[in-house]
$ cat protein-v3.cif   # mmCIF, N, CA and C atoms
data_work
loop_
_atom_site.label_atom_id
_atom_site.label_comp_id
_atom_site.auth_asym_id
_atom_site.auth_seq_id
_atom_site.Cartn_x
_atom_site.Cartn_y
_atom_site.Cartn_z
N MET R 21 -9.00 3.17 -15.02
CA MET R 21 -8.39 1.86 -15.09
C MET R 21 -7.25 1.81 -14.07
N SER R 22 -7.17 0.74 -13.33
CA SER R 22 -6.18 0.60 -12.27
C SER R 22 -4.78 0.37 -12.79
N LEU R 23 -4.66 -0.52 -13.78
CA LEU R 23 -3.34 -0.93 -14.25
C LEU R 23 -3.22 -0.77 -15.75
N ASP R 24 -2.01 -0.47 -16.21
CA ASP R 24 -1.69 -0.45 -17.63
C ASP R 24 -1.19 -1.85 -17.98
N VAL R 25 -2.08 -2.68 -18.49
CA VAL R 25 -1.78 -4.08 -18.74
C VAL R 25 -1.28 -4.25 -20.17
N SER R 26 -0.11 -4.83 -20.30
CA SER R 26 0.45 -5.07 -21.63
C SER R 26 -0.35 -6.17 -22.34
N PRO R 27 -0.33 -6.16 -23.66
CA PRO R 27 -1.01 -7.24 -24.39
C PRO R 27 -0.48 -8.62 -24.00
N ALA R 28 0.81 -8.73 -23.74
CA ALA R 28 1.39 -10.03 -23.36
C ALA R 28 0.85 -10.50 -22.00
N LEU R 29 0.74 -9.58 -21.05
CA LEU R 29 0.22 -9.96 -19.73
C LEU R 29 -1.27 -10.30 -19.82
N LEU R 30 -2.00 -9.55 -20.61
CA LEU R 30 -3.41 -9.86 -20.79
C LEU R 30 -3.58 -11.24 -21.43
N ALA R 31 -2.75 -11.55 -22.42
CA ALA R 31 -2.82 -12.87 -23.06
C ALA R 31 -2.49 -13.97 -22.06
N GLN R 32 -1.52 -13.71 -21.19
CA GLN R 32 -1.16 -14.68 -20.14
C GLN R 32 -2.37 -14.94 -19.25
N ALA R 33 -3.06 -13.87 -18.86
CA ALA R 33 -4.23 -14.02 -18.00
C ALA R 33 -5.35 -14.77 -18.71
N GLU R 34 -5.51 -14.51 -19.99
CA GLU R 34 -6.55 -15.20 -20.75
C GLU R 34 -6.26 -16.69 -20.89
N ARG R 35 -4.98 -17.07 -20.89
CA ARG R 35 -4.60 -18.49 -21.01
C ARG R 35 -4.71 -19.23 -19.68
N GLY R 36 -4.65 -18.52 -18.58
CA GLY R 36 -4.71 -19.18 -17.27
C GLY R 36 -4.04 -18.33 -16.21
N GLU R 37 -3.30 -19.00 -15.36
CA GLU R 37 -2.64 -18.32 -14.24
C GLU R 37 -1.59 -17.32 -14.72
N VAL R 38 -1.44 -16.25 -13.97
CA VAL R 38 -0.49 -15.19 -14.28
C VAL R 38 0.73 -15.34 -13.38
N ASP R 39 1.90 -15.18 -13.96
CA ASP R 39 3.14 -15.19 -13.19
C ASP R 39 3.13 -13.98 -12.25
N GLU R 40 3.31 -14.23 -10.96
CA GLU R 40 3.22 -13.14 -9.99
C GLU R 40 4.26 -12.06 -10.22
N ALA R 41 5.47 -12.44 -10.64
CA ALA R 41 6.51 -11.43 -10.92
C ALA R 41 6.06 -10.50 -12.05
N ASP R 42 5.39 -11.04 -13.05
CA ASP R 42 4.88 -10.21 -14.14
C ASP R 42 3.79 -9.27 -13.64
N PHE R 43 2.92 -9.79 -12.78
CA PHE R 43 1.86 -8.96 -12.21
C PHE R 43 2.46 -7.85 -11.35
N VAL R 44 3.42 -8.18 -10.51
CA VAL R 44 4.06 -7.17 -9.65
C VAL R 44 4.74 -6.10 -10.51
N ASP R 45 5.37 -6.51 -11.60
CA ASP R 45 6.01 -5.53 -12.48
C ASP R 45 4.97 -4.61 -13.11
N CYS R 46 3.81 -5.16 -13.45
CA CYS R 46 2.73 -4.34 -13.98
C CYS R 46 2.27 -3.32 -12.95
N VAL R 47 2.16 -3.74 -11.71
CA VAL R 47 1.78 -2.82 -10.63
C VAL R 47 2.85 -1.73 -10.48
N ARG R 48 4.11 -2.13 -10.48
CA ARG R 48 5.22 -1.17 -10.32
C ARG R 48 5.18 -0.09 -11.39
N THR R 49 4.97 -0.49 -12.63
CA THR R 49 4.99 0.49 -13.72
C THR R 49 3.68 1.28 -13.83
N SER R 50 2.58 0.68 -13.42
CA SER R 50 1.27 1.35 -13.51
C SER R 50 1.00 2.32 -12.36
N LEU R 51 1.52 2.01 -11.20
CA LEU R 51 1.25 2.80 -10.00
C LEU R 51 2.57 3.25 -9.35
N PRO R 52 3.35 4.07 -10.06
CA PRO R 52 4.69 4.41 -9.57
C PRO R 52 4.70 5.16 -8.24
N TYR R 53 3.74 6.03 -8.00
CA TYR R 53 3.72 6.74 -6.71
C TYR R 53 3.47 5.76 -5.57
N ALA R 54 2.49 4.89 -5.73
CA ALA R 54 2.19 3.91 -4.69
C ALA R 54 3.38 2.97 -4.49
N TRP R 55 3.99 2.53 -5.58
CA TRP R 55 5.15 1.65 -5.50
C TRP R 55 6.29 2.31 -4.72
N GLU R 56 6.58 3.56 -5.05
CA GLU R 56 7.67 4.26 -4.38
C GLU R 56 7.36 4.47 -2.90
N MET R 57 6.12 4.80 -2.60
CA MET R 57 5.72 5.00 -1.20
C MET R 57 5.95 3.71 -0.40
N ILE R 58 5.46 2.61 -0.91
CA ILE R 58 5.59 1.35 -0.19
C ILE R 58 7.05 0.91 -0.13
N SER R 59 7.77 1.05 -1.23
CA SER R 59 9.20 0.69 -1.26
C SER R 59 9.99 1.47 -0.22
N SER R 60 9.72 2.76 -0.14
CA SER R 60 10.48 3.59 0.81
C SER R 60 10.13 3.23 2.25
N LEU R 61 8.87 2.90 2.51
CA LEU R 61 8.49 2.50 3.87
C LEU R 61 9.10 1.16 4.25
N VAL R 62 9.17 0.24 3.30
CA VAL R 62 9.82 -1.05 3.55
C VAL R 62 11.29 -0.83 3.89
N ALA R 63 11.96 0.03 3.13
CA ALA R 63 13.38 0.33 3.39
C ALA R 63 13.53 0.99 4.76
N GLN R 64 12.63 1.91 5.09
CA GLN R 64 12.68 2.57 6.40
C GLN R 64 12.51 1.57 7.52
N LEU R 65 11.58 0.64 7.37
CA LEU R 65 11.35 -0.38 8.40
C LEU R 65 12.60 -1.24 8.58
N LYS R 66 13.25 -1.60 7.48
CA LYS R 66 14.45 -2.43 7.55
C LYS R 66 15.61 -1.69 8.21
N VAL R 67 15.75 -0.41 7.90
CA VAL R 67 16.86 0.38 8.46
C VAL R 67 16.61 0.75 9.91
N ASP R 68 15.41 1.26 10.19
CA ASP R 68 15.10 1.76 11.53
C ASP R 68 14.65 0.67 12.50
N GLY R 69 14.13 -0.42 11.96
CA GLY R 69 13.57 -1.45 12.83
C GLY R 69 12.26 -0.94 13.43
N GLY R 70 11.89 -1.48 14.53
CA GLY R 70 10.66 -1.06 15.20
C GLY R 70 9.48 -1.88 14.76
N GLU R 71 8.32 -1.47 15.24
CA GLU R 71 7.09 -2.22 14.98
C GLU R 71 6.51 -1.95 13.60
N PHE R 72 6.72 -0.73 13.07
CA PHE R 72 6.16 -0.39 11.77
C PHE R 72 6.80 0.89 11.24
N ALA R 73 6.57 1.16 9.98
CA ALA R 73 6.95 2.43 9.36
C ALA R 73 5.72 2.95 8.64
N ASP R 74 5.48 4.25 8.71
CA ASP R 74 4.29 4.79 8.05
C ASP R 74 4.56 6.14 7.43
N ASN R 75 3.65 6.51 6.54
CA ASN R 75 3.69 7.80 5.87
C ASN R 75 2.52 8.62 6.38
N GLN R 76 2.80 9.87 6.76
CA GLN R 76 1.72 10.74 7.21
C GLN R 76 1.58 11.98 6.34
N THR R 77 2.31 12.02 5.22
CA THR R 77 2.25 13.15 4.31
C THR R 77 1.25 12.86 3.20
N PRO R 78 0.25 13.72 3.04
CA PRO R 78 -0.71 13.49 1.96
C PRO R 78 -0.03 13.48 0.59
N PRO R 79 -0.59 12.75 -0.36
CA PRO R 79 -0.03 12.73 -1.71
C PRO R 79 -0.03 14.13 -2.32
N PRO R 80 0.84 14.38 -3.28
CA PRO R 80 0.95 15.71 -3.86
C PRO R 80 -0.25 16.11 -4.73
N ASP R 81 -1.00 15.13 -5.23
CA ASP R 81 -2.13 15.45 -6.10
C ASP R 81 -3.11 14.27 -6.12
N GLU R 82 -4.22 14.47 -6.80
CA GLU R 82 -5.26 13.44 -6.84
C GLU R 82 -4.82 12.20 -7.60
N GLN R 83 -3.96 12.36 -8.59
CA GLN R 83 -3.47 11.19 -9.32
C GLN R 83 -2.69 10.27 -8.38
N ALA R 84 -1.83 10.85 -7.56
CA ALA R 84 -1.05 10.06 -6.60
C ALA R 84 -1.98 9.43 -5.56
N ARG R 85 -2.94 10.18 -5.08
CA ARG R 85 -3.90 9.65 -4.11
C ARG R 85 -4.66 8.47 -4.72
N GLY R 86 -5.04 8.60 -5.97
CA GLY R 86 -5.74 7.53 -6.66
C GLY R 86 -4.90 6.27 -6.77
N GLN R 87 -3.60 6.44 -6.99
CA GLN R 87 -2.71 5.28 -7.06
C GLN R 87 -2.69 4.52 -5.73
N LEU R 88 -2.60 5.26 -4.63
CA LEU R 88 -2.62 4.59 -3.32
C LEU R 88 -3.94 3.86 -3.10
N LEU R 89 -5.03 4.51 -3.46
CA LEU R 89 -6.34 3.87 -3.28
C LEU R 89 -6.44 2.61 -4.12
N ARG R 90 -6.01 2.67 -5.38
CA ARG R 90 -6.10 1.49 -6.24
C ARG R 90 -5.20 0.37 -5.73
N ALA R 91 -4.00 0.71 -5.30
CA ALA R 91 -3.06 -0.32 -4.84
C ALA R 91 -3.54 -1.00 -3.58
N LEU R 92 -4.10 -0.25 -2.65
CA LEU R 92 -4.44 -0.82 -1.36
C LEU R 92 -5.89 -1.27 -1.24
N ALA R 93 -6.74 -0.86 -2.17
CA ALA R 93 -8.13 -1.30 -2.13
C ALA R 93 -8.34 -2.60 -2.90
N SER R 94 -7.43 -2.94 -3.78
CA SER R 94 -7.54 -4.17 -4.55
C SER R 94 -6.90 -5.32 -3.77
N ASP R 95 -7.66 -6.35 -3.49
CA ASP R 95 -7.10 -7.50 -2.77
C ASP R 95 -5.94 -8.11 -3.55
N ALA R 96 -6.07 -8.22 -4.87
CA ALA R 96 -5.02 -8.84 -5.68
C ALA R 96 -3.74 -8.01 -5.66
N ILE R 97 -3.86 -6.70 -5.84
CA ILE R 97 -2.68 -5.83 -5.85
C ILE R 97 -2.06 -5.79 -4.46
N ARG R 98 -2.86 -5.55 -3.47
CA ARG R 98 -2.36 -5.46 -2.09
C ARG R 98 -1.66 -6.77 -1.69
N GLY R 99 -2.29 -7.89 -1.99
CA GLY R 99 -1.69 -9.18 -1.65
C GLY R 99 -0.37 -9.40 -2.36
N ALA R 100 -0.31 -9.05 -3.64
CA ALA R 100 0.94 -9.21 -4.39
C ALA R 100 2.03 -8.32 -3.81
N LEU R 101 1.69 -7.10 -3.44
CA LEU R 101 2.68 -6.19 -2.84
C LEU R 101 3.18 -6.73 -1.50
N GLN R 102 2.27 -7.24 -0.69
CA GLN R 102 2.66 -7.80 0.60
C GLN R 102 3.61 -8.99 0.42
N ARG R 103 3.29 -9.86 -0.51
CA ARG R 103 4.16 -11.01 -0.77
C ARG R 103 5.50 -10.57 -1.34
N HIS R 104 5.47 -9.63 -2.26
CA HIS R 104 6.71 -9.17 -2.90
C HIS R 104 7.66 -8.54 -1.88
N PHE R 105 7.13 -7.67 -1.04
CA PHE R 105 7.97 -6.95 -0.08
C PHE R 105 8.14 -7.69 1.25
N GLY R 106 7.35 -8.71 1.49
CA GLY R 106 7.46 -9.46 2.73
C GLY R 106 7.00 -8.68 3.95
N VAL R 107 5.91 -7.93 3.78
CA VAL R 107 5.36 -7.11 4.87
C VAL R 107 3.85 -7.25 4.87
N ARG R 108 3.24 -6.71 5.93
CA ARG R 108 1.79 -6.53 5.98
C ARG R 108 1.53 -5.05 5.79
N LEU R 109 0.56 -4.72 4.97
CA LEU R 109 0.22 -3.33 4.69
C LEU R 109 -1.05 -2.93 5.43
N ALA R 110 -1.08 -1.70 5.88
CA ALA R 110 -2.28 -1.12 6.49
C ALA R 110 -2.47 0.26 5.88
N PHE R 111 -3.70 0.75 5.91
CA PHE R 111 -4.03 1.97 5.18
C PHE R 111 -5.11 2.75 5.92
N GLN R 112 -4.92 4.08 6.03
CA GLN R 112 -5.91 4.96 6.65
C GLN R 112 -5.99 6.25 5.85
N ASN R 113 -7.15 6.82 5.78
CA ASN R 113 -7.39 8.18 5.29
C ASN R 113 -6.85 8.50 3.90
N CYS R 114 -6.88 7.58 3.00
CA CYS R 114 -6.48 7.83 1.62
C CYS R 114 -5.01 8.20 1.44
N HIS R 115 -4.23 8.14 2.48
CA HIS R 115 -2.80 8.43 2.29
C HIS R 115 -1.90 7.79 3.34
N ARG R 116 -2.38 7.47 4.48
CA ARG R 116 -1.51 6.96 5.54
C ARG R 116 -1.27 5.46 5.34
N VAL R 117 -0.19 5.16 4.67
CA VAL R 117 0.21 3.78 4.42
C VAL R 117 1.18 3.38 5.52
N ALA R 118 1.03 2.17 6.03
CA ALA R 118 1.96 1.65 7.02
C ALA R 118 2.37 0.24 6.62
N VAL R 119 3.64 -0.08 6.91
CA VAL R 119 4.14 -1.44 6.68
C VAL R 119 4.53 -2.03 8.02
N PHE R 120 4.16 -3.29 8.19
CA PHE R 120 4.43 -4.03 9.41
C PHE R 120 5.17 -5.31 9.04
N PRO R 121 6.08 -5.77 9.89
CA PRO R 121 6.76 -7.04 9.59
C PRO R 121 5.78 -8.21 9.60
N LEU R 122 6.15 -9.26 8.89
CA LEU R 122 5.30 -10.45 8.82
C LEU R 122 5.25 -11.23 10.13
N ASP R 123 6.37 -11.23 10.86
CA ASP R 123 6.38 -12.00 12.10
C ASP R 123 5.41 -11.36 13.10
N GLY R 124 5.14 -12.02 14.15
CA GLY R 124 4.14 -11.56 15.11
C GLY R 124 4.58 -10.42 16.01
N SER R 125 5.77 -9.89 15.81
CA SER R 125 6.31 -8.87 16.72
C SER R 125 5.47 -7.60 16.76
N ALA R 126 4.74 -7.30 15.72
CA ALA R 126 3.98 -6.06 15.68
C ALA R 126 2.47 -6.29 15.64
N ASP R 127 2.02 -7.49 15.98
CA ASP R 127 0.59 -7.80 15.90
C ASP R 127 -0.27 -6.83 16.70
N GLU R 128 0.16 -6.53 17.91
CA GLU R 128 -0.62 -5.62 18.75
C GLU R 128 -0.68 -4.23 18.15
N ARG R 129 0.46 -3.74 17.65
CA ARG R 129 0.50 -2.40 17.04
C ARG R 129 -0.34 -2.37 15.77
N LEU R 130 -0.30 -3.42 14.96
CA LEU R 130 -1.12 -3.50 13.76
C LEU R 130 -2.61 -3.49 14.13
N ALA R 131 -2.98 -4.22 15.15
CA ALA R 131 -4.37 -4.24 15.59
C ALA R 131 -4.83 -2.85 16.04
N ARG R 132 -3.96 -2.12 16.74
CA ARG R 132 -4.31 -0.75 17.15
C ARG R 132 -4.44 0.16 15.93
N PHE R 133 -3.50 0.03 14.98
CA PHE R 133 -3.51 0.88 13.78
C PHE R 133 -4.76 0.66 12.95
N THR R 134 -5.21 -0.58 12.83
CA THR R 134 -6.35 -0.89 11.98
C THR R 134 -7.68 -0.92 12.72
N SER R 135 -7.67 -0.54 13.97
CA SER R 135 -8.92 -0.54 14.75
C SER R 135 -9.80 0.65 14.41
N SER R 136 -11.06 0.56 14.79
CA SER R 136 -11.98 1.70 14.63
C SER R 136 -11.44 2.91 15.39
N ARG R 137 -10.94 2.67 16.59
CA ARG R 137 -10.38 3.76 17.39
C ARG R 137 -9.21 4.41 16.67
N GLY R 138 -8.31 3.60 16.13
CA GLY R 138 -7.16 4.13 15.40
C GLY R 138 -7.60 4.98 14.21
N GLN R 139 -8.61 4.52 13.49
CA GLN R 139 -9.13 5.27 12.35
C GLN R 139 -9.69 6.61 12.81
N LEU R 140 -10.49 6.59 13.87
CA LEU R 140 -11.10 7.83 14.37
C LEU R 140 -10.04 8.82 14.86
N LEU R 141 -9.03 8.33 15.54
CA LEU R 141 -7.98 9.21 16.06
C LEU R 141 -7.11 9.80 14.96
N ASN R 142 -7.15 9.22 13.77
CA ASN R 142 -6.34 9.72 12.65
C ASN R 142 -7.15 10.64 11.73
N GLN R 143 -8.25 11.17 12.21
CA GLN R 143 -9.08 12.08 11.41
C GLN R 143 -8.64 13.52 11.62
N SER R 144 -8.86 14.33 10.61
CA SER R 144 -8.65 15.77 10.73
C SER R 144 -9.51 16.43 9.66
N PRO R 145 -9.86 17.69 9.85
CA PRO R 145 -10.68 18.40 8.85
C PRO R 145 -10.03 18.41 7.45
N GLU R 146 -8.71 18.47 7.39
CA GLU R 146 -8.00 18.52 6.11
C GLU R 146 -8.19 17.24 5.29
N LEU R 147 -8.52 16.14 5.95
CA LEU R 147 -8.61 14.86 5.26
C LEU R 147 -10.04 14.44 4.94
N ARG R 148 -11.00 15.27 5.21
CA ARG R 148 -12.39 14.88 5.02
C ARG R 148 -12.77 14.73 3.55
N ASP R 149 -12.01 15.32 2.64
CA ASP R 149 -12.37 15.23 1.24
C ASP R 149 -11.68 14.08 0.51
N CYS R 150 -10.93 13.29 1.21
CA CYS R 150 -10.21 12.23 0.50
C CYS R 150 -11.02 10.97 0.40
#
$ encode --input "protein-v3.cif" --output "structure tokens"
Amino acid sequence: MSLDVSPALLAQAERGEVDEADFVDCVRTSLPYAWEMISSLVAQLKVDGGEFADNQTPPPDEQARGQLLRALASDAIRGALQRHFGVRLAFQNCHRVAVFPLDGSADERLARFTSSRGQLLNQSPELRDC
């Protein structure tokens, strides 16, 4: 299961639209490793500036890796995180998360990062099992 959904949030969803802040809080508490990874990259981007900030350290275990996969493979979760943090997210190799600013300043770098070439160049034997 991707998220630990409270009975109150589930009831909200059953009644109709879900408050995005409640959904984001559910993501934060359900996927703490992914949340911390993205939060720290957003802070790094704000402090350091530049075109993007990324993580190149593999997760410490499969549970953490699973959190990243669930957060970034779900359109709903990924979209909510992007809106909450005000960034564009990119993902490679089950662990390389990158955050890009929303404005067009990093469009070219984002296109390179998410290209087939970028994916191939970020391969290594250590990552083949992820």
$ closest_atom_pairs --input "protein-v3.cif" --of "stretch 76-108 of chain R" --to "stretch 40-48 of chain R" --cutoff "8 Å" --atoms "all atoms listed in the file" --output "CSV"
residue,atom,partner,partner_atom,distance
R:Ala91,CA,R:Val47,CA,7.9
R:Ile97,CA,R:Val47,CA,7.2
R:Ala100,C,R:Val44,CA,6.3
R:Leu101,N,R:Val44,CA,6.6
R:His104,CA,R:Val44,CA,7.5
$ atom_distance --input "protein-v3.cif" --atom1 "atom CA of R:Leu122" --atom2 "atom N of R:Gln76"
20.6 Å
$ residues_around --input "protein-v3.cif" --residues "R:Leu61" --least-positions-apart "6" --cutoff "7 Å" --atoms "all atoms listed in the file" --output "ChimeraX atom specification"
/R:73-75,119
$ atom_distance --input "protein-v3.cif" --atom1 "atom N of R:Glu71" --atom2 "atom N of R:Pro121"
7.2 Å
$ closest_residue --input "protein-v3.cif" --among "R:Val38, R:Ala96, R:Leu30, R:Val62" --to "R:Ala118" --atoms "all atoms listed in the file"
R:Val62
$ closest_residue --input "protein-v3.cif" --among "R:Phe105, R:Phe111, R:Arg90, R:Gly70" --to "R:Ile58" --atoms "only N, CA and C atoms"
R:Phe105
$ select_by_dssp --input "protein-v3.cif" --residues "stretch 23-150 of chain R" --states "alpha helix (DSSP H)" --output "ChimeraX atom specification"
/R:27-35,40-50,52-68,82-93,95-105,127-133,136-141
$ atom_distance --input "protein-v3.cif" --atom1 "atom CA of R:Ala54" --atom2 "atom CA of R:Gln87"
5.6 Å
$ axis_aligned_box --input "protein-v3.cif" --around "stretch 101-112 of chain R" --padding-each-side "5 Å" --output "lines of an AutoDock Vina configuration file"
center_x = 1.1
center_y = -2.4
center_z = 1.6
size_x = 24.1
size_y = 27.3
size_z = 20.1
$ resolve_selection --input "protein-v3.cif" --expression "the PyMOL selection byres (((chain R and resi 110 and name CA) around 12) and name CA)" --output "PyMOL selection string"
chain R and resi 58+61+72-75+88-89+91-93+98-99+101-102+107-109+111-121+127+129-135+138-139
$ select_by_dssp --input "protein-v3.cif" --residues "chain R" --states "strand (DSSP E or B)" --output "MDAnalysis selection string"
chainID R and resid 73:74 107:112 116:121
$ resolve_selection --input "protein-v3.cif" --expression "the PyMOL selection byres ((chain R and resi 24) around 7)" --output "ChimeraX atom specification"
/R:21-23,25-26,46-47,49-51
